Structure formats: structure tokens, C-alpha cells
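First comes the structure, then the notes that go with it.
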There are 2 protein chains.
Amino acid sequence: MATSNPLVDIETRQRLLNVAAELFAEQGFNNVTIREICQVAGANLAAVNYHFRDKLGLYKEVVEMAAKAVHQSKVDLIEAAEALPPEERLRTYIRLLLHRLLDPEEDSWMDKLIAREMIDPTPALDLIVEKGIKPTSMRLGGMVAELLNTSLNDERVWQCFLSIQAQCLFYKSSKPITARMAPPGFKYTPEVIDSLAEHVYQFSLAGIRAVAAKPAQRMEWQP
Amino acid sequence: MATSNPLVDIETRQRLLNVAAELFAEQGFNNVTIREICQVAGANLAAVNYHFRDKLGLYKEVVEMAAKAVHQSKVDLIEAAEALPPEERLRTYIRLLLHRLLDPEEDSWMDKLIAREMIDPTPALDLIVEKGIKPTSMRLGGMVAELLNTSLNDERVWQCFLSIQAQCLFYKSSKPITARMAPPGFKYTPEVIDSLAEHVYQFSLAGIRAVAAKPAQRMEWQP
DNA sequence: GTATGATTTATACAGTTGTTTTAATCATGC
DNA sequence: GCATGATTAAAACAACTGTATAAATCATAC
């Protein structure tokens with residue numbers, strides 16, 4: 001029988017987590033029913049109650065998965081660019097990030113889930129910030145600080161980093177708008193994404209250099 | 001009686017629209033109940049059915065309001081910057097837009113509603129794009145085209161425009177994250193917003209000038 | 001094989017929601 | 001005043017949802 005095949009029969013608990021992650025990301029917490037999750041996961045309606053106590057318990061575990069996945073994807077990006085000289089490091093970071101965000105092949109359920117948490121924050125957002133974002137923020141800031149030739153407690157570092165991050169993430173979140181304004185057959189092919197990345201890189205590098213020419217802005221606060 | 005005072009007793013229909021706009025923006029279509037809307041608006045539960053046929057009918061009219069409001073706010077921005085020289089025009093545009101987005105005094109219900117439509121697009125998004133965004137896109141593109149010293153069918157215009165727009169809108173959408181990473185007492189005071197705007201302006205102007213030094217990229221498509 | 005605990009199943013329940021219906025109330029013109 | 005149409009009010013309905021319960025089934029150790 002099928003249940004004897006460990007490749008097909010992942011534990012119910014894990015199947016529920018995977019399905020829930022996908023559905024919560026795609027439709028949002030309130031627009032997903034326990035019945036839908038269980039049906040897609042091939043589990044009984046009571047499975048959520050049994051394995052996670054209630055719907056919110058399931059959601060919390062999904063968010064923990066998301067926080068870990070976000071952290072890991074950031075570490076991957078950092079390490080892929082680490083060995084390069086500063087300018088190339090920035091260029092590579094932007095290119096890889098944009099591919100992860102825009103490539104239709106990638107399923108970025110965690111990005112969608114975070115986008116939802118940003119519109120309707122729940123206590124789960126704290127977890128995402130603490131475990132998914134903060135741990136890598138110093139290394140990401142360092143990438144910009146080196147180009148600015150300054151230290152991490154210079155406010156300009158974070159302003160420039162946000163300007164870069166903003167451009168990349170905006171292309172993803174504005175997809176529904178751009179799809180309605182672009183020519184009919186438009187798609188985010190790897191080539192299109194590359195050329196977009198090149199623009200963001202050139203634009204941002206010039207921005208950084210302009211900011212580098214201005215005096216430092218010491219922050220009186222340590223994160 | 002109160003119903004005789006035209007200042008207090010706006011027509012039920014209009015009161016419903018105003019309350020619904022606020023609630024839909026704040027909580028999303030599915031998380032607002034007709035009962036809640038009617039209660040806040042001081043109307044009977046059946047009022048939505050009577051005036052708008054059903055919940056979706058009410059939402060559609062709210063979206064029409066939003067599209068008009070978005071268009072108007074863009075026209076206001078454009079006209080406020082129009083008379084200035086190109087660089088100052090960009091600087092003013094960025095500063096005013098950021099104030100509208102970040103100032104806690106401003107209630108930007110239409111921005112929130114659009115942000116929700118971007119995550120969960122409904123047919124209503126078409127209306128927002130057609131009536132709220134497209135009509136002013138040429139004038140906004142022109143602002144950048146002049147700085148690039150090129151024409152509107154140069155791809156670089158829209159790449160640069162998006163880079164600017166991305167920075168401004170990102171500061172708003174990422175509020176829940178930055179609030180959790182900023183120092184405890186942090187607030188978007190007018191002074192903070194001004195300094196942010198100055199950064200975005202300097203960063204973007206340098207970006208535009210760097211892009212202007214590269215060859216034009218003709219688009220084969222007319223919007 | 002059989003006892004025991006883990007897991008799954010089927011079903012029921014109570015609360016909420018959008019919608020509809022029917023009656024009551026109001027405003028207006030005569 | 002009164003008839004008429006517009007608006008508001010109160011109540012009910014059916015569908016859906018999260019949760020809980022108790023029985024059935026399974027896996028495992030002995």
C-alpha cells in the first residue's frame with residue numbers, strides 16, 4: 001500500500017506544514033480553511049487539532065519555517081557574493097536576489113507570507129524579524145559600508161542599503177501593477193531579470209558614491 | 001432631531017462608503033463584516049443590500065473612490081513641482097510624496113487599499129491602474145526623461161522612475177519591519193521625513209546621471 | 001496474537017457571515 | 001390629512017468555519 005512508501009507518505013504533520021505554508025502564503029491566514037488544508041494534504045479534518053492544537057498553532061509553526069527559510073536564503077546570497085571585490089559583490093547580490101524574487105520558477109512562499117505579515121502584522125512578525133532578518137543585517141550592512149568607506153554606525157549605510165533593498169523588493173510586490181502596464185506578452189525571463197539587475201546595480205552604485213562624498217552621520221543608537 | 005442637520009446626517013449611502021473605505025483599507029475585504037460597517041456607519045444591517053446590492057457592490061464603489069483619490073493626489077504632486085527646474089522638481093516630488101506616505105497625520109486609506117489589491121488582486125485592480133495610475137504616468141515619466149535628456153520611449157526612463165518610486169513606497173510598506181529594528185522611541189517626524197527625502201533625492205539623482213551616461217534603450221512598445 | 005498507545009476517522013456543535021424577506025417608518029406632493 | 005414611493009428596521013435563513021468528541025484503526029512491543 002502507499003503508506004509503506006516513505007517517499008510518498010511523509011508524516012502527516014510534515015505534509016500539513018508544507019501545504020499550510022503554501023496556502024497561507026498564497027491566500028492569507030483568514031482566507032484558508034482548515035478543511036482546505038487537510039483536504040490538499042490528504043489528512044482528516046481533525047488532524048490540525050491533533051498535531052497543532054488549533055489553526056493558530058499550525059500558523060505559528062509555518063512562520064517559524066518561514067523565518068528559517070528567509071535566514072537561509074540570505075546566508076546563501078551573502079556567501080555567494082562574499083569572495084568578490086566590493087563592487088562585484090554588490091552586483092552579484094542584487095542579481096541573485098532579483099532572480100530569487102522574480103524568476104517564475106522559484107516558489108517564494110516565504111516572501112509572500114512576509115508580505116502579508118507586513119500588511120497585517122501578527123505577533124509572528126517579531127519572530128520573522130528576530131530570526132529571519134536581524135541575524136544577517138550586519139553582514140549585509142557591511143557590504144554597503146565598505147563601498148561607503150565608513151562603519152556600521154553611520155546612518156548612511158542603512159539609508160543606502162534600504163534604497164537597494166527597496167528597488168529589488170518593489171519589482172516583486174508591484175508585479176500585479178506592472179503586468180497591467182507592460183506589453184501583452186511580457187515575462188520575467190532570466191535575460192530580462194539580468195538587465196533589470198544591471199540597472200539597479202548601476203543606479204545604486206552611483207547613488208552610494210554620491211552619498212559617500214557627503215559627511216558621515218553618526219547614529220547614537222546600537223541595534 | 002439629528003436627522004434634520006445636513007452636516008451630521010450625510011446620506012446613509014455616503015456614510016457607508018466612507019466607513020467602508022476606511023475599514024476595507026485597514027482590515028481587507030474578507031476581514032470586514034457588513035455588520036461592522038453598518039454599525040460604525042450608524043445604519044441598519046440591510047442598508048448595504050439596499051444601497052449597493054451586496055458587499056462586493058459596496059467594495060467596487062469604494063475602489064472607484066480610491067482610483068479617483070489616487071489620481072488626484074498624483075495630480076497635486078505634479079502640479080506642486082511643475083514650475084521648478086528639473087532637479088528641484090524631482091526633489092520636491094520625492095519630499096512631498098514621502099510626507100504623504102509616512103506622515104502619521106495623513107490618513108492614506110487609498111494606499112493601504114491598493115497595497116491589499118497588489119497582494120490579492122481582484123478585477124478592481126484594473127480600474128485602479130486605468131483611472132488612478134495610467135493617466136499621470138506620462139507626466140511623471142517626463143520628469144525623469146528631462147533629467148536623462150531623452151524621450152519617453154527610452155526604457156531607462158521607466159527603470160529610473162521605478163527605482164525612485166520603489167524607494168518612496170518601500171519606506172511605507174516596510175514600516176512594520178523598521179519599527180521592530182529602529183530604536184525604541186523612533187517616529188516619522190516631519191524632520192525625519194525631510195532628511196529621508198533628501199537621501200532618496202541625492203541617491204536617485206546620482207543614479208539618474210549615471211544611467212544618463214549610458215546609451216539609450218529604445219522600447220518597441222507604446223503604452 | 002494481543003495489549004497499549006499513537007493516529008486517523010466520522011460526526012456533531014456553536015458561532016459567524018452574507019443575504020433575503022417582510023413589515024414599519026419617513027418624506028413628499030397633493 | 002393622506003396616498004405613494006423611498007428608506008430603514010427587525011428577524012430569519014442557509015452556508016461556512018473552527019473546534020471538540022468519541023469511536024475506529026494502525027503500529028509496535030511483548
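The chains in the C-alpha cells are called A, B, ... from first to last as shown; in each chain the residues are counted from 1, and the ligands are counted from 1 in the order shown.
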
TODO: Just the residues within 9 Å of C:DG18, please, counting only C-alpha atoms (C1' of nucleotides), with nothing from its chain fewer than 6 positions along; format it as an NGL selection string.
DONE: :B and (33-34 or 54-55)

Open item on the list: Using only C-alpha atoms (C1' of nucleotides), which protein or nucleic acid residues come within 9 Å of stretch 18-26 of chain D? Drop anything in the same chain fewer than 3 positions from it, and give the result as a count of residues only.
Closed with: 14

- [ ] Could you check how far atom CA of A:Asn153 sits from atom CA of A:Met219, in Å to one decimal?
- [x]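 Spanning atom CA of A:Asn153 to atom CA of A:Met219 is a straight-line distance of 5.5 Å.
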
Closest atom pairs, residues of chain A within 6 Å of chain B, only C-alpha atoms, as CSV:
residue,atom,partner,partner_atom,distance
A:Met118,CA,B:Pro176,CA,5.8
A:Ser163,CA,B:Gln167,CA,5.5
A:Ala166,CA,B:Gln167,CA,5.2
A:Gln167,CA,B:Ala166,CA,5.2
A:Phe170,CA,B:Ala166,CA,5.4
A:Pro176,CA,B:Met118,CA,5.8
A:Phe203,CA,B:Gly207,CA,4.0
A:Ala206,CA,B:Gly207,CA,5.1
A:Gly207,CA,B:Phe203,CA,4.0

TODO: List every residue of stretch 59-158 of chain A that DSSP, applied to the backbone of this structure, assigns to helix (DSSP H, G or I), and report them as a PyMOL selection string.
DONE: chain A and resi 59-81+86-102+109-119+124-148+155-158

- [ ] Would you kindly return, as a PyMOL selection string, each protein, DNA or RNA residue with an atom no farther than 12 Å from any atom of D:DC30, considering only C-alpha atoms (C1' of nucleotides) and excluding same-chain residues fewer than 6 positions away?
- [x] chain C and resi 1-4

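Nearest-residue note for chain D: choosing from A:Val40, A:Leu45, A:Ala66, A:Leu98, the minimum distance belongs to A:Leu45, counting only C-alpha atoms (C1' of nucleotides).
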
Quick one: contact table of chain A to chain C, 12 Å max, nearest atom pair and distance in Å to one decimal per residue, counting only C-alpha atoms (C1' of nucleotides), chain and number order, as a Markdown table?
| residue | atom | partner | partner_atom | distance |
| --- | --- | --- | --- | --- |
| A:Glu11 | CA | C:DT7 | C1' | 10.8 |
| A:Thr12 | CA | C:DT7 | C1' | 9.6 |
| A:Arg13 | CA | C:DT7 | C1' | 10.8 |
| A:Gly42 | CA | C:DT8 | C1' | 11.3 |
| A:Ala43 | CA | C:DT8 | C1' | 8.3 |
| A:Asn44 | CA | C:DT9 | C1' | 6.9 |
| A:Leu45 | CA | C:DT9 | C1' | 8.8 |
| A:Ala46 | CA | C:DT8 | C1' | 8.4 |
| A:Ala47 | CA | C:DT8 | C1' | 7.9 |
| A:Val48 | CA | C:DT8 | C1' | 11.6 |
| A:Asn49 | CA | C:DT8 | C1' | 12.0 |
| A:Tyr50 | CA | C:DT7 | C1' | 8.8 |
| A:His51 | CA | C:DT7 | C1' | 9.8 |

Produce a file of the selected residues containing N, CA and C atoms, as a CSV table (one decimal), in the first residue's frame.
chain,number,residue,atom,x,y,z
A,11,GLU,N,5.3,12.1,6.9
A,11,GLU,CA,4.4,12.2,8.1
A,11,GLU,C,3.4,13.2,7.9
A,12,THR,N,2.2,12.9,8.3
A,12,THR,CA,1.0,13.8,8.2
A,12,THR,C,1.4,15.2,8.6
A,13,ARG,N,2.0,15.2,9.8
A,13,ARG,CA,2.4,16.5,10.4
A,13,ARG,C,3.2,17.4,9.4
A,42,GLY,N,-4.3,15.6,2.2
A,42,GLY,CA,-4.8,14.2,2.3
A,42,GLY,C,-4.9,13.7,3.8
A,43,ALA,N,-5.3,14.7,4.6
A,43,ALA,CA,-5.5,14.3,6.1
A,43,ALA,C,-6.9,14.6,6.5
A,44,ASN,N,-7.2,14.0,7.6
A,44,ASN,CA,-8.6,14.2,8.2
A,44,ASN,C,-8.7,15.6,8.8
A,45,LEU,N,-10.0,16.1,8.8
A,45,LEU,CA,-10.2,17.4,9.3
A,45,LEU,C,-9.6,17.6,10.7
A,46,ALA,N,-9.6,16.6,11.5
A,46,ALA,CA,-9.2,16.8,12.9
A,46,ALA,C,-7.7,16.7,13.1
A,47,ALA,N,-7.0,16.5,12.0
A,47,ALA,CA,-5.5,16.4,12.0
A,47,ALA,C,-4.9,17.7,12.6
A,48,VAL,N,-5.4,18.8,12.2
A,48,VAL,CA,-4.8,20.1,12.7
A,48,VAL,C,-4.9,20.2,14.2
A,49,ASN,N,-6.1,19.9,14.6
A,49,ASN,CA,-6.3,19.9,16.1
A,49,ASN,C,-5.4,18.9,16.8
A,50,TYR,N,-5.2,17.8,16.2
A,50,TYR,CA,-4.4,16.7,16.9
A,50,TYR,C,-2.9,17.1,16.9
A,51,HIS,N,-2.4,17.6,15.7
A,51,HIS,CA,-1.0,17.8,15.6
A,51,HIS,C,-0.5,19.2,16.1

- [ ] Identify which of the residues D:DA9, D:DA15, D:DA3, D:DA27 lies closest to chain B, counting only C-alpha atoms (C1' of nucleotides) when measuring atom-to-atom distances.
- [x]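 The closest residue to chain B is D:DA9.
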
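Note that atom CA of B:Lys172 and atom CA of B:Lys74 are 16.7 Å apart.
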